[in-house]
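Participant: query_11.txt is reproduced below (compact mmCIF, C-alpha atoms and all ligand atoms).
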# COMPACT_ATOMS: atom_id res chain seq x y z
CA MET R 119 20.21 2.17 14.91
CA LYS R 120 18.35 5.31 13.99
CA ILE R 121 18.01 5.13 10.21
CA ALA R 122 16.76 7.70 7.70
CA VAL R 123 15.36 6.11 4.55
CA LEU R 124 15.30 8.76 1.83
CA GLY R 125 12.77 7.67 -0.78
CA GLY R 126 11.15 5.24 1.65
CA ASP R 127 7.82 5.35 -0.19
CA GLY R 128 9.20 3.71 -3.35
CA PHE R 129 9.43 0.20 -4.77
CA VAL R 130 12.59 -0.79 -2.91
CA GLY R 131 12.39 1.93 -0.23
CA TRP R 132 9.12 0.74 1.28
CA PRO R 133 10.01 -2.95 1.77
CA THR R 134 13.44 -1.87 3.07
CA THR R 135 11.77 0.40 5.61
CA LEU R 136 9.56 -2.44 6.82
CA HIS R 137 12.45 -4.89 6.96
CA LEU R 138 14.60 -2.54 9.05
CA SER R 139 11.74 -1.57 11.35
CA ASP R 140 10.99 -5.26 11.85
CA ALA R 141 14.64 -5.84 12.75
CA GLY R 142 14.23 -3.32 15.60
CA HIS R 143 15.71 -0.15 14.10
CA GLU R 144 14.13 3.29 14.53
CA VAL R 145 13.21 4.17 10.95
CA HIS R 146 12.36 7.59 9.53
CA ILE R 147 11.13 7.93 5.96
CA ILE R 148 11.98 11.14 4.15
CA ASP R 149 10.15 11.39 0.85
CA ASN R 150 8.60 14.07 -1.38
CA LEU R 151 6.12 11.51 -2.80
CA SER R 152 7.31 12.37 -6.32
CA ARG R 153 6.79 8.80 -7.52
CA ARG R 154 3.07 9.15 -6.80
CA TRP R 155 3.01 12.48 -8.69
CA ILE R 156 4.74 10.88 -11.67
CA ASP R 157 1.99 8.23 -11.77
CA THR R 158 -0.49 11.10 -11.99
CA GLU R 159 1.55 12.80 -14.71
CA LEU R 160 1.74 9.60 -16.76
CA GLY R 161 -1.86 8.63 -16.07
CA VAL R 162 -0.91 5.18 -14.79
CA GLN R 163 -1.05 3.53 -11.41
CA SER R 164 0.67 0.76 -9.54
CA LEU R 165 -0.85 -2.62 -10.39
CA THR R 166 -1.32 -3.15 -6.67
CA PRO R 167 -3.53 -0.65 -4.81
CA MET R 168 -1.31 1.45 -2.56
CA ASP R 169 -2.50 3.33 0.47
CA SER R 170 -1.07 6.70 1.47
CA ILE R 171 2.28 6.55 3.20
CA GLN R 172 0.70 7.72 6.45
CA GLU R 173 -1.86 4.93 6.28
CA ARG R 174 0.82 2.34 5.52
CA CYS R 175 2.76 3.48 8.60
CA ARG R 176 -0.42 3.38 10.72
CA ILE R 177 -1.15 -0.22 9.69
CA TRP R 178 2.42 -1.25 10.46
CA HIS R 179 2.10 0.26 13.93
CA GLU R 180 -1.22 -1.47 14.51
CA LEU R 181 0.23 -4.78 13.42
CA THR R 182 3.60 -4.67 15.17
CA GLY R 183 3.51 -1.86 17.73
CA LYS R 184 6.51 -0.36 15.90
CA ARG R 185 6.53 3.20 14.66
CA ILE R 186 7.77 4.33 11.27
CA HIS R 187 8.04 8.12 11.11
CA PHE R 188 7.24 9.95 7.88
CA HIS R 189 8.63 13.37 6.93
CA LEU R 190 7.54 15.11 3.73
CA LEU R 191 10.67 16.75 2.41
CA ASP R 192 12.13 17.40 -1.05
CA LEU R 193 15.82 16.55 -0.84
CA ALA R 194 16.63 18.24 -4.14
CA LYS R 195 14.89 21.52 -3.29
CA GLU R 196 14.91 21.93 0.48
CA HIS R 197 18.53 21.94 1.52
CA GLU R 198 18.01 24.03 4.67
CA ARG R 199 15.15 21.83 5.89
CA LEU R 200 17.25 18.74 5.24
CA LYS R 201 20.11 20.19 7.29
CA SER R 202 17.76 21.06 10.17
CA TRP R 203 16.26 17.60 10.03
CA LEU R 204 19.67 15.93 10.18
CA ALA R 205 20.86 18.21 12.98
CA GLU R 206 17.74 17.47 15.03
CA HIS R 207 17.54 13.71 14.46
CA ARG R 208 21.23 12.77 14.07
CA PRO R 209 20.71 9.41 12.33
CA ASP R 210 23.33 6.65 12.59
CA ALA R 211 22.72 5.68 8.98
CA VAL R 212 21.12 7.26 5.93
CA ILE R 213 19.87 5.13 3.05
CA HIS R 214 19.51 7.11 -0.14
CA PHE R 215 16.88 5.87 -2.61
CA ALA R 216 15.51 9.35 -3.38
CA GLU R 217 16.17 9.53 -7.11
CA GLN R 218 14.11 9.26 -10.31
CA ARG R 219 14.89 5.66 -11.23
CA ALA R 220 13.36 4.86 -14.62
CA ALA R 221 15.57 4.96 -17.72
CA PRO R 222 12.63 5.31 -20.18
CA TYR R 223 11.12 8.17 -18.15
CA SER R 224 14.48 9.93 -18.16
CA MET R 225 14.58 9.73 -22.00
CA LYS R 226 11.01 10.85 -22.82
CA THR R 227 11.63 14.53 -23.59
CA ASP R 228 14.17 17.22 -22.79
CA ARG R 229 11.99 18.16 -19.80
CA HIS R 230 12.25 14.64 -18.40
CA LYS R 231 16.00 14.56 -18.98
CA THR R 232 16.42 17.87 -17.18
CA TYR R 233 14.14 16.87 -14.34
CA THR R 234 16.04 13.61 -13.82
CA VAL R 235 19.42 15.36 -13.77
CA ASP R 236 18.25 18.24 -11.56
CA ASN R 237 16.45 15.98 -9.14
CA ASN R 238 19.01 13.19 -8.82
CA ILE R 239 22.18 15.25 -8.80
CA SER R 240 20.81 17.90 -6.44
CA ALA R 241 19.36 15.30 -4.08
CA THR R 242 22.67 13.47 -3.79
CA HIS R 243 24.79 16.59 -3.52
CA ASN R 244 22.48 18.30 -1.01
CA LEU R 245 22.68 15.24 1.17
CA LEU R 246 26.47 15.03 1.03
CA ALA R 247 26.93 18.74 1.73
CA ALA R 248 24.39 18.61 4.58
CA LEU R 249 26.18 15.67 6.21
CA VAL R 250 29.46 17.60 6.13
CA GLU R 251 27.89 20.84 7.38
CA THR R 252 26.08 19.20 10.31
CA GLY R 253 29.12 17.07 11.17
CA ILE R 254 27.02 13.93 11.35
CA ASP R 255 29.08 10.78 10.97
CA ALA R 256 26.22 8.67 9.58
CA HIS R 257 26.96 5.75 7.28
CA LEU R 258 25.51 6.69 3.90
CA VAL R 259 24.21 3.75 1.87
CA HIS R 260 23.25 4.67 -1.68
CA LEU R 261 21.22 2.64 -4.12
CA GLY R 262 23.21 2.82 -7.33
CA THR R 263 22.91 0.68 -10.45
CA MET R 264 24.74 -2.01 -12.40
CA GLY R 265 24.05 0.24 -15.39
CA VAL R 266 27.02 2.46 -14.52
CA TYR R 267 29.31 -0.24 -15.92
CA GLY R 268 27.59 -0.45 -19.27
CA TYR R 269 26.60 -4.16 -19.41
CA SER R 270 29.59 -5.69 -21.05
CA SER R 271 32.19 -7.72 -19.33
CA VAL R 272 34.63 -7.68 -22.30
CA GLY R 273 35.56 -11.24 -21.46
CA ALA R 274 36.51 -10.42 -17.84
CA PRO R 275 34.02 -10.35 -14.96
CA ILE R 276 32.92 -6.89 -13.84
CA PRO R 277 34.64 -6.22 -10.50
CA GLU R 278 32.91 -4.56 -7.53
CA GLY R 279 33.41 -0.91 -8.42
CA TYR R 280 37.16 -0.65 -8.87
CA LEU R 281 39.58 -1.68 -11.55
CA ASP R 282 43.31 -2.24 -11.15
CA ILE R 283 45.12 -0.81 -14.14
CA GLU R 284 48.74 -0.54 -15.22
CA ILE R 285 49.97 2.72 -16.68
CA ASP R 286 53.19 3.31 -18.65
CA THR R 287 55.26 6.03 -16.99
CA PRO R 288 58.84 7.24 -17.70
CA GLU R 289 59.89 5.10 -14.70
CA GLY R 290 58.21 2.02 -16.10
CA LYS R 291 54.82 0.45 -15.46
CA LYS R 292 52.85 1.65 -12.43
CA GLU R 293 49.73 0.19 -10.90
CA GLN R 294 46.69 2.26 -10.03
CA GLU R 295 43.20 1.54 -8.78
CA ILE R 296 40.46 3.53 -10.52
CA LEU R 297 36.67 3.60 -10.42
CA TYR R 298 35.50 1.23 -13.16
CA PRO R 299 35.01 3.47 -16.22
CA THR R 300 31.34 4.31 -16.52
CA ARG R 301 29.33 3.83 -19.68
CA PRO R 302 25.75 4.82 -18.87
CA GLY R 303 23.03 3.90 -21.36
CA SER R 304 20.41 6.52 -20.41
CA VAL R 305 20.18 9.93 -18.73
CA TYR R 306 18.99 8.15 -15.59
CA HIS R 307 22.02 5.83 -15.58
CA MET R 308 24.23 8.86 -16.28
CA THR R 309 23.03 10.53 -13.05
CA LYS R 310 24.11 7.45 -11.09
CA SER R 311 27.51 7.62 -12.77
CA LEU R 312 27.81 11.26 -11.69
CA ASP R 313 26.76 10.27 -8.15
CA GLN R 314 29.81 8.00 -8.02
CA ILE R 315 32.18 10.94 -8.59
CA MET R 316 30.47 12.96 -5.86
CA PHE R 317 30.81 10.05 -3.44
CA GLN R 318 34.48 9.64 -4.29
CA PHE R 319 35.11 13.34 -3.65
CA TYR R 320 33.26 13.56 -0.32
CA ALA R 321 34.82 10.36 1.02
CA GLN R 322 38.27 11.64 0.15
CA ASN R 323 37.76 15.30 1.16
CA ASP R 324 35.56 15.01 4.24
CA GLY R 325 35.95 11.43 5.33
CA LEU R 326 32.26 10.62 4.76
CA ARG R 327 31.56 6.92 5.20
CA ILE R 328 29.79 5.79 2.04
CA THR R 329 28.61 2.49 0.58
CA ASP R 330 27.35 2.46 -3.02
CA LEU R 331 25.23 -0.51 -4.05
CA HIS R 332 25.34 -1.26 -7.76
CA GLN R 333 22.03 -3.01 -8.03
CA GLY R 334 20.71 -5.07 -10.94
CA ILE R 335 17.10 -5.27 -12.12
CA VAL R 336 14.79 -6.05 -9.23
CA TRP R 337 12.02 -8.57 -9.73
CA GLY R 338 9.22 -9.90 -7.54
CA THR R 339 6.94 -7.78 -5.41
CA HIS R 340 6.39 -9.28 -1.95
CA THR R 341 8.81 -9.46 0.94
CA GLU R 342 8.30 -11.17 4.27
CA GLN R 343 6.87 -7.96 5.74
CA THR R 344 4.74 -6.70 2.83
CA ARG R 345 2.95 -10.09 2.85
CA ARG R 346 1.70 -9.52 6.37
CA HIS R 347 -1.19 -7.21 5.55
CA GLU R 348 -2.99 -6.22 2.37
CA GLN R 349 -2.40 -2.54 3.11
CA LEU R 350 1.34 -3.06 3.42
CA ILE R 351 1.50 -4.27 -0.19
CA ASN R 352 4.38 -3.01 -2.30
CA ARG R 353 3.91 -0.89 -5.40
CA PHE R 354 4.18 -2.84 -8.65
CA ASP R 355 4.84 -1.07 -11.94
CA TYR R 356 3.74 -2.52 -15.26
CA ASP R 357 3.75 0.44 -17.65
CA GLY R 358 6.27 1.04 -20.43
CA ASP R 359 8.22 3.62 -18.43
CA TYR R 360 8.50 2.23 -14.90
CA GLY R 361 7.84 -1.50 -15.31
CA THR R 362 11.10 -3.47 -15.39
CA VAL R 363 11.64 -6.31 -17.76
CA LEU R 364 11.05 -9.50 -15.79
CA ASN R 365 8.10 -8.16 -13.81
CA ARG R 366 6.63 -6.83 -17.06
CA PHE R 367 6.86 -10.26 -18.70
CA LEU R 368 5.10 -11.80 -15.70
CA ILE R 369 2.34 -9.21 -15.74
CA GLN R 370 1.97 -9.52 -19.51
CA ALA R 371 1.62 -13.29 -19.06
CA ALA R 372 -1.09 -12.71 -16.45
CA ILE R 373 -3.24 -10.56 -18.76
CA ASP R 374 -2.63 -12.54 -21.92
CA TYR R 375 -0.57 -9.82 -23.57
CA PRO R 376 2.39 -10.82 -25.78
CA LEU R 377 5.75 -10.71 -23.98
CA THR R 378 7.46 -7.63 -25.43
CA VAL R 379 11.07 -8.50 -26.15
CA HIS R 380 13.01 -5.47 -27.42
CA GLY R 381 14.95 -6.25 -30.59
CA THR R 382 16.49 -9.71 -30.59
CA GLY R 383 16.35 -9.91 -26.80
CA GLY R 384 20.08 -10.55 -26.78
CA GLN R 385 20.62 -8.09 -23.92
CA THR R 386 22.07 -9.81 -20.85
CA ARG R 387 21.30 -8.10 -17.55
CA ALA R 388 21.90 -8.64 -13.84
CA PHE R 389 18.91 -9.51 -11.62
CA ILE R 390 18.01 -9.66 -7.95
CA HIS R 391 14.80 -10.59 -6.14
CA ILE R 392 13.23 -7.85 -3.98
CA GLN R 393 13.64 -9.98 -0.84
CA ASP R 394 17.39 -10.23 -1.47
CA SER R 395 17.55 -6.54 -2.24
CA VAL R 396 16.28 -5.56 1.23
CA ARG R 397 18.52 -8.17 2.84
CA CYS R 398 21.57 -6.81 1.01
CA ILE R 399 20.84 -3.31 2.28
CA GLU R 400 20.73 -4.64 5.83
CA LEU R 401 24.01 -6.52 5.29
CA ALA R 402 25.68 -3.41 3.86
CA LEU R 403 24.45 -1.34 6.83
CA GLY R 404 26.08 -3.75 9.23
CA ASP R 405 29.44 -3.54 7.48
CA ALA R 406 30.14 0.20 7.42
CA PRO R 407 33.41 1.61 6.13
CA LYS R 408 35.60 3.59 8.51
CA ARG R 409 36.31 7.32 8.23
CA GLY R 410 38.96 7.83 5.58
CA ASP R 411 38.14 4.59 3.73
CA ARG R 412 37.43 4.73 0.01
CA VAL R 413 33.75 4.39 -1.01
CA ARG R 414 32.73 0.78 -0.54
CA ILE R 415 31.06 -0.61 -3.65
CA PHE R 416 29.02 -3.81 -3.79
CA ASN R 417 27.48 -5.41 -6.86
CA GLN R 418 23.97 -6.05 -5.61
CA MET R 419 22.82 -8.78 -7.97
CA THR R 420 22.51 -12.54 -7.77
CA GLU R 421 22.28 -13.84 -11.36
CA THR R 422 22.45 -12.75 -14.98
CA HIS R 423 19.97 -13.61 -17.71
CA ARG R 424 19.45 -12.87 -21.37
CA VAL R 425 16.15 -11.06 -22.01
CA ARG R 426 14.93 -13.50 -24.70
CA ASP R 427 15.73 -16.50 -22.45
CA LEU R 428 13.52 -14.98 -19.74
CA ALA R 429 10.71 -14.41 -22.23
CA GLU R 430 10.99 -17.96 -23.59
CA LEU R 431 11.02 -19.37 -20.04
CA ILE R 432 7.90 -17.44 -19.03
CA GLY R 433 6.30 -18.30 -22.38
CA ARG R 434 6.85 -22.01 -21.62
CA LEU R 435 5.55 -21.67 -18.06
CA THR R 436 2.42 -19.73 -18.92
CA GLY R 437 1.70 -20.46 -22.60
CA SER R 438 2.16 -16.77 -23.53
CA ARG R 439 3.31 -15.68 -26.95
CA VAL R 440 6.67 -13.90 -27.24
CA ALA R 441 6.63 -10.79 -29.47
CA TYR R 442 9.94 -9.46 -30.79
CA VAL R 443 9.25 -5.72 -31.08
CA PRO R 444 11.43 -2.83 -32.35
CA ASN R 445 13.76 -1.69 -29.57
CA PRO R 446 12.94 1.82 -28.27
CA ARG R 447 16.42 2.04 -26.75
CA LYS R 448 19.86 2.61 -28.16
CA GLU R 449 21.68 -0.34 -26.64
CA ALA R 450 23.82 -3.26 -27.79
CA ALA R 451 21.63 -5.87 -29.46
CA GLU R 452 23.61 -8.69 -27.86
CA ASN R 453 25.99 -8.67 -24.91
CA ASP R 454 27.58 -11.07 -22.46
CA LEU R 455 27.75 -10.16 -18.81
CA VAL R 456 29.73 -11.75 -16.01
CA VAL R 457 29.61 -9.97 -12.67
CA ARG R 458 31.48 -10.47 -9.42
CA ASN R 459 29.37 -10.36 -6.25
CA GLU R 460 31.57 -12.12 -3.69
CA GLN R 461 31.25 -9.41 -1.04
CA PHE R 462 27.57 -10.01 -0.28
CA LEU R 463 28.05 -13.77 -0.44
CA ALA R 464 30.87 -13.40 2.11
CA LEU R 465 28.51 -11.39 4.36
CA GLY R 466 26.05 -14.29 4.30
CA LEU R 467 23.63 -13.54 1.46
CA GLU R 468 21.85 -16.68 0.32
CA PRO R 469 20.61 -15.82 -3.16
CA THR R 470 16.98 -16.32 -4.14
CA THR R 471 17.19 -17.61 -7.69
CA LEU R 472 14.70 -17.56 -10.50
CA GLU R 473 12.55 -20.49 -9.51
CA GLU R 474 9.14 -21.33 -10.85
CA GLY R 475 7.28 -20.90 -7.58
CA LEU R 476 8.37 -17.30 -7.21
CA LEU R 477 7.65 -16.50 -10.84
CA GLU R 478 4.18 -17.98 -10.48
CA GLU R 479 3.60 -15.95 -7.30
CA VAL R 480 4.11 -12.74 -9.30
CA VAL R 481 1.73 -13.94 -12.03
CA GLU R 482 -0.84 -14.69 -9.31
CA VAL R 483 -0.52 -11.18 -7.84
CA ALA R 484 -0.88 -9.72 -11.34
CA LYS R 485 -3.97 -11.82 -12.07
CA ARG R 486 -5.56 -10.70 -8.84
CA TYR R 487 -5.24 -7.03 -9.78
CA ALA R 488 -5.50 -7.45 -13.58
CA HIS R 489 -8.63 -5.26 -13.65
CA ARG R 490 -6.41 -2.28 -12.69
CA ILE R 491 -4.24 -2.60 -15.82
CA ASP R 492 -4.68 -0.22 -18.74
CA ARG R 493 -3.45 -2.36 -21.67
CA SER R 494 -2.69 0.72 -23.74
CA ARG R 495 0.01 1.67 -21.22
CA VAL R 496 1.90 -1.60 -21.55
CA PRO R 497 4.04 -0.87 -24.66
CA ALA R 498 7.36 0.92 -24.02
CA LEU R 499 7.17 4.00 -26.25
CA SER R 500 9.84 6.26 -24.81
CA ALA R 501 12.42 6.34 -27.61
CA TRP R 502 16.12 7.00 -27.04
CA THR R 503 16.45 9.05 -30.25
CA ARG R 504 14.09 10.74 -32.71
CA ASP R 505 15.00 8.24 -35.42
CA ILE R 506 14.12 5.33 -33.17
CA ALA R 507 10.75 6.97 -32.32
CA GLN R 508 9.65 6.52 -35.96
CA THR R 509 10.12 2.75 -35.77
CA LEU R 510 8.04 1.86 -32.70
CA ASP R 511 5.00 -0.39 -32.59
CA ARG R 512 2.08 0.62 -30.45
CA ASP R 513 0.48 -2.76 -30.78
CA PRO R 514 2.78 -5.80 -30.59
N1 LIG J 601 13.24 -4.78 -22.11
C1 LIG J 601 12.54 -5.60 -22.99
N2 LIG J 601 11.19 -5.58 -22.95
C2 LIG J 601 10.49 -4.81 -22.05
C3 LIG J 601 11.21 -4.00 -21.14
C4 LIG J 601 12.58 -4.01 -21.21
O1 LIG J 601 13.14 -6.31 -23.81
O2 LIG J 601 9.25 -4.86 -22.09
C5 LIG J 601 14.72 -4.78 -22.15
C6 LIG J 601 15.35 -3.40 -22.30
O3 LIG J 601 15.46 -3.02 -23.64
C7 LIG J 601 16.67 -3.61 -21.59
C8 LIG J 601 16.38 -4.64 -20.51
O4 LIG J 601 15.16 -5.25 -20.89
O5 LIG J 601 17.60 -4.18 -22.48
C9 LIG J 601 16.25 -4.09 -19.12
O6 LIG J 601 15.26 -3.07 -19.07
P1 LIG J 601 14.58 -2.66 -17.67
O7 LIG J 601 13.54 -1.63 -17.96
O8 LIG J 601 14.16 -3.87 -16.95
O9 LIG J 601 15.82 -2.08 -16.85
P2 LIG J 601 16.57 -0.67 -16.84
O10 LIG J 601 15.97 0.31 -17.75
O11 LIG J 601 18.02 -0.95 -17.04
O12 LIG J 601 16.36 -0.11 -15.37
C10 LIG J 601 16.03 -0.92 -14.25
C11 LIG J 601 15.54 0.02 -13.14
C12 LIG J 601 16.70 0.92 -12.71
C13 LIG J 601 17.88 0.08 -12.30
C14 LIG J 601 18.29 -0.85 -13.43
C15 LIG J 601 19.34 -1.84 -13.00
O13 LIG J 601 14.43 0.78 -13.57
O14 LIG J 601 16.27 1.73 -11.64
O15 LIG J 601 18.96 0.91 -11.98
O16 LIG J 601 17.15 -1.65 -13.81
S1 LIG J 601 20.41 -2.28 -14.32
O17 LIG J 601 19.62 -2.60 -15.52
O18 LIG J 601 21.19 -3.42 -13.90
O19 LIG J 601 21.24 -1.13 -14.61
As a first step, turn the structure in this file into C-alpha cells.

Facilitator:
Amino acid sequence: MKIAVLGGDGFVGWPTTLHLSDAGHEVHIIDNLSRRWIDTELGVQSLTPMDSIQERCRIWHELTGKRIHFHLLDLAKEHERLKSWLAEHRPDAVIHFAEQRAAPYSMKTDRHKTYTVDNNISATHNLLAALVETGIDAHLVHLGTMGVYGYSSVGAPIPEGYLDIEIDTPEGKKEQEILYPTRPGSVYHMTKSLDQIMFQFYAQNDGLRITDLHQGIVWGTHTEQTRRHEQLINRFDYDGDYGTVLNRFLIQAAIDYPLTVHGTGGQTRAFIHIQDSVRCIELALGDAPKRGDRVRIFNQMTETHRVRDLAELIGRLTGSRVAYVPNPRKEAAENDLVVRNEQFLALGLEPTTLEEGLLEEVVEVAKRYAHRIDRSRVPALSAWTRDIAQTLDRDP
C-alpha cells in the first residue's frame, strides 16, 4: 500500500512509519515538525538524542534499501497544499497522528488552549474536506484517545466506541446506538472528542472510510525497528508536559528522583506498549471499513493499572522513593476502569504486558542518557485551574 503518515516524526508516528516501511509499504511522512518546535519553546529535549527527520530517513535507507519520503507540510494551515499532495500521490491509506497530544501542554495558558484547538481541529477537518474534494477513497486511520470516554466504567466495561441505549418514546421503548458520551478531562482530550463528531459526519455524508483508535497511555520506547540503529532511536519525553506517567516513573527511577504520584494515585488508566501500538495500527489498516460503514472504533489498549500501583511496583523494582504530590489536574481522585478490547485480540494482537524485563529496559535507556535530563523540568506544573496552581510543589 501507499501510506501517508501525518505526524510521522512523533513518538508513535516514527516507529509506525518504520514498522510499515519494513512490512513493504511505500510510506510518506507529512509533518510540520511542530513537536520539535514545542521542545524549543519549552526549553526541553527528548531524553534520547534525535536526528533530523531527513537524517533518520537516510539511515533507514542505508540500512534497509527502503525509502521513506518526507514532506514538510502544515496540515492545519496549508489546506491547498494538502489537497495538491493528495491529488498527486493518491495514497491507499492515511494515518493521522498530526495533533498536539499533551494534556498538560493544552492546559498551560489560554494561548496553549487556543493553539491546541486550532491546530487539532483544523488539521482533522482539513484532511477530511481534502479527501472528499479530491475524491480519494483512502482508508483514514486516526489516533484518538481513551480519554474521550472519561475514565470511568460506572460498573460496566467501556465498549469500543458505541453504546446501545433504550429510549422511551410514545410507542414504547426503542433501541438506538450512539457514540459513547464523551467526557474529556483536558482541552487536548476535548479536541479528540470533537474529532469523533467530524468523523461521524464525514462517514455518513460522504462515505469516507474511517477507523478511530482510542489509544491508552503508551509506554516503552524501542520497537523492533528503532532498535536496529542508534540514529533510528525514538523520541522519549520526560518533562512535566509531554512525559507520560509510566515512562516518567521509569525515568525518575533511573535518575534517583522521587516517583511523582499525583494526589492519592487512585487514577486507573489504560496502557499499551509502543510495540503493540504500532502493531495495532497495522492490524487496523488491514481491516478497513467499507464505503457507507459507520466509523470503526477500536480501544487500543492492553491492560489497566492504578497510578499508585505502578509507582509502588517501580519503587520495589528499583528502590526509588514514591512521592505523593499535589495533583495539578482536575480529575477524579479514584476511579475504576474496565475496558473492552476484543476487536484487536480477534485480529491477532498478542498483548505485551507489564513485565519486569521491559520495565528494566526503559530504565536502562534512561540511565544511558541521564546526562541529558534537566531535573528542574521533571515536575508537572501545568495546572488545570488557577486555584490548583497555588497548591503545586516545585520540589517533591
Ligand atoms: N500522573 C501522575 N504523575 C505524573 C504524571 C501523571 O500521577 O508524574 C497521572 C495523571 O495525573 C493522570 C495519569 O497519571 O491521572 C495519566 O497521565 P499521563 O500524562 O500519563 O496521560 P494523559 O495526560 O492522559 O495523556 C497521555 C498522552 C495522550 C493520550 C493519553 C491516553 O499524552 O496523548 O491520548 O495518554 S489516555 O490517558 O488513555 O487518555

Participant: Could you work out an axis-aligned bounding box for all listed atoms of ligand LIG 601 (chain J), with 8 Å added on each of the six sides, and give its centre and edge lengths in Å to one decimal, as JSON?

Facilitator:
{"center_x": 15.2, "center_y": -2.3, "center_z": -17.7, "size_x": 28.0, "size_y": 24.0, "size_z": 28.2}

Participant: To one decimal place, how far is atom CA of R:Tyr356 from atom CA of R:Leu368 in Å?

Facilitator: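 Atom CA of R:Tyr356 sits 9.4 Å away from atom CA of R:Leu368.
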
Participant: Find the spatial neighbours of R:Thr341, counting only C-alpha atoms, within a cut-off of 7 Å - ignore same-chain residues fewer than 4 positions away - and output them as a PyMOL selection string.

Facilitator: chain R and resi 133+345+392-393

Participant: Enter the distance from atom CA of R:Leu261 to atom CA of R:Leu331, in Å, rounded to one decimal.

Facilitator: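 Spanning atom CA of R:Leu261 to atom CA of R:Leu331 is a straight-line distance of 5.1 Å.
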
Participant: Find, counting all atoms listed in the file, the residue in R:Gly253, R:Thr436, R:Gly268, R:Gln370 that gets nearest to R:Asp492.

Facilitator: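 Of all the options, R:Gln370 lies closest to R:Asp492.
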
Participant: Using only C-alpha atoms, which protein or nucleic acid residues come within 12 Å of R:Val235? Drop anything in the same chain fewer than 6 positions from it, and give the result as a list in words.

Facilitator: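 My reading of the contact set: Ala194, Glu217, Gln218, Arg219, Ala221, Tyr223, Ser224, Met225, Asp228, Arg229, Ala241, Thr242, His243, Ser304, Val305, Tyr306, His307, Met308, Thr309, Lys310, Ser311, Leu312 and Asp313 of chain R.
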
Participant: Include C-alpha atoms and write out the residues we just selected as a PDB file, in the coordinates of the input.

Facilitator:
ATOM      1  CA  ALA R 194      16.630  18.240  -4.140  1.00  0.00           C
ATOM      2  CA  GLU R 217      16.170   9.530  -7.110  1.00  0.00           C
ATOM      3  CA  GLN R 218      14.110   9.260 -10.310  1.00  0.00           C
ATOM      4  CA  ARG R 219      14.890   5.660 -11.230  1.00  0.00           C
ATOM      5  CA  ALA R 221      15.570   4.960 -17.720  1.00  0.00           C
ATOM      6  CA  TYR R 223      11.120   8.170 -18.150  1.00  0.00           C
ATOM      7  CA  SER R 224      14.480   9.930 -18.160  1.00  0.00           C
ATOM      8  CA  MET R 225      14.580   9.730 -22.000  1.00  0.00           C
ATOM      9  CA  ASP R 228      14.170  17.220 -22.790  1.00  0.00           C
ATOM     10  CA  ARG R 229      11.990  18.160 -19.800  1.00  0.00           C
ATOM     11  CA  ALA R 241      19.360  15.300  -4.080  1.00  0.00           C
ATOM     12  CA  THR R 242      22.670  13.470  -3.790  1.00  0.00           C
ATOM     13  CA  HIS R 243      24.790  16.590  -3.520  1.00  0.00           C
ATOM     14  CA  SER R 304      20.410   6.520 -20.410  1.00  0.00           C
ATOM     15  CA  VAL R 305      20.180   9.930 -18.730  1.00  0.00           C
ATOM     16  CA  TYR R 306      18.990   8.150 -15.590  1.00  0.00           C
ATOM     17  CA  HIS R 307      22.020   5.830 -15.580  1.00  0.00           C
ATOM     18  CA  MET R 308      24.230   8.860 -16.280  1.00  0.00           C
ATOM     19  CA  THR R 309      23.030  10.530 -13.050  1.00  0.00           C
ATOM     20  CA  LYS R 310      24.110   7.450 -11.090  1.00  0.00           C
ATOM     21  CA  SER R 311      27.510   7.620 -12.770  1.00  0.00           C
ATOM     22  CA  LEU R 312      27.810  11.260 -11.690  1.00  0.00           C
ATOM     23  CA  ASP R 313      26.760  10.270  -8.150  1.00  0.00           C
TER      24      ASP R 313
END

Participant: Skipping near chain neighbours, those fewer than 3 positions away, what residues fall within 10 Å of stretch 120-124 of chain R using all atoms listed in the file, listed as a PyMOL selection string?

Facilitator: chain R and resi 127-128+131-132+134-135+138-139+142-150+187-189+191-193+204+207-217+241+245+256-260+403

Participant: Between atom CA of R:His137 and atom CA of R:Arg397, what is the distance in Å, rounded to a tenth?

Facilitator: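 Separation between atom CA of R:His137 and atom CA of R:Arg397: 8.0 Å.
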
Participant: Taking only C-alpha atoms into account, name the residue in R:Tyr269, R:Tyr298, R:Tyr360, R:Phe462 that is nearest to R:Thr422.

Facilitator: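 Of the candidates, the smallest distance to R:Thr422 is held by R:Tyr269.
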
Participant: Excluding stretch 155-169 of chain R and residues on its chain fewer than 6 positions from it, collect all residues at most 12 Å away from it, counting all atoms listed in the file, and give them as a VMD selection string.

Facilitator: chain R and resid 127 to 129 132 149 175 to 177 218 to 220 223 to 224 226 230 233 to 234 339 to 340 344 347 to 361 365 to 366 369 to 370 372 to 373 480 to 496 500

Participant: Please determine, counting all atoms listed in the file, which residue among R:Thr382, R:Gln343, R:Thr263, R:Thr509 has the shortest atom-to-atom distance to ligand LIG 601 (chain J).

Facilitator: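 Among R:Thr382, R:Gln343, R:Thr263, R:Thr509, it is R:Thr263 that comes nearest to ligand LIG 601 (chain J).
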
Participant: So which residues fall inside 9 Å of (37.1, 5.8, 8.3) if we count only C-alpha atoms? Mind giving them as a list of chain:residue names?

Facilitator: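 Those residues, ordered by chain and then number, are R:Ala321, R:Gly325, R:Leu326, R:Arg327, R:Ala406, R:Pro407, R:Lys408, R:Arg409, R:Gly410, R:Asp411, R:Arg412.
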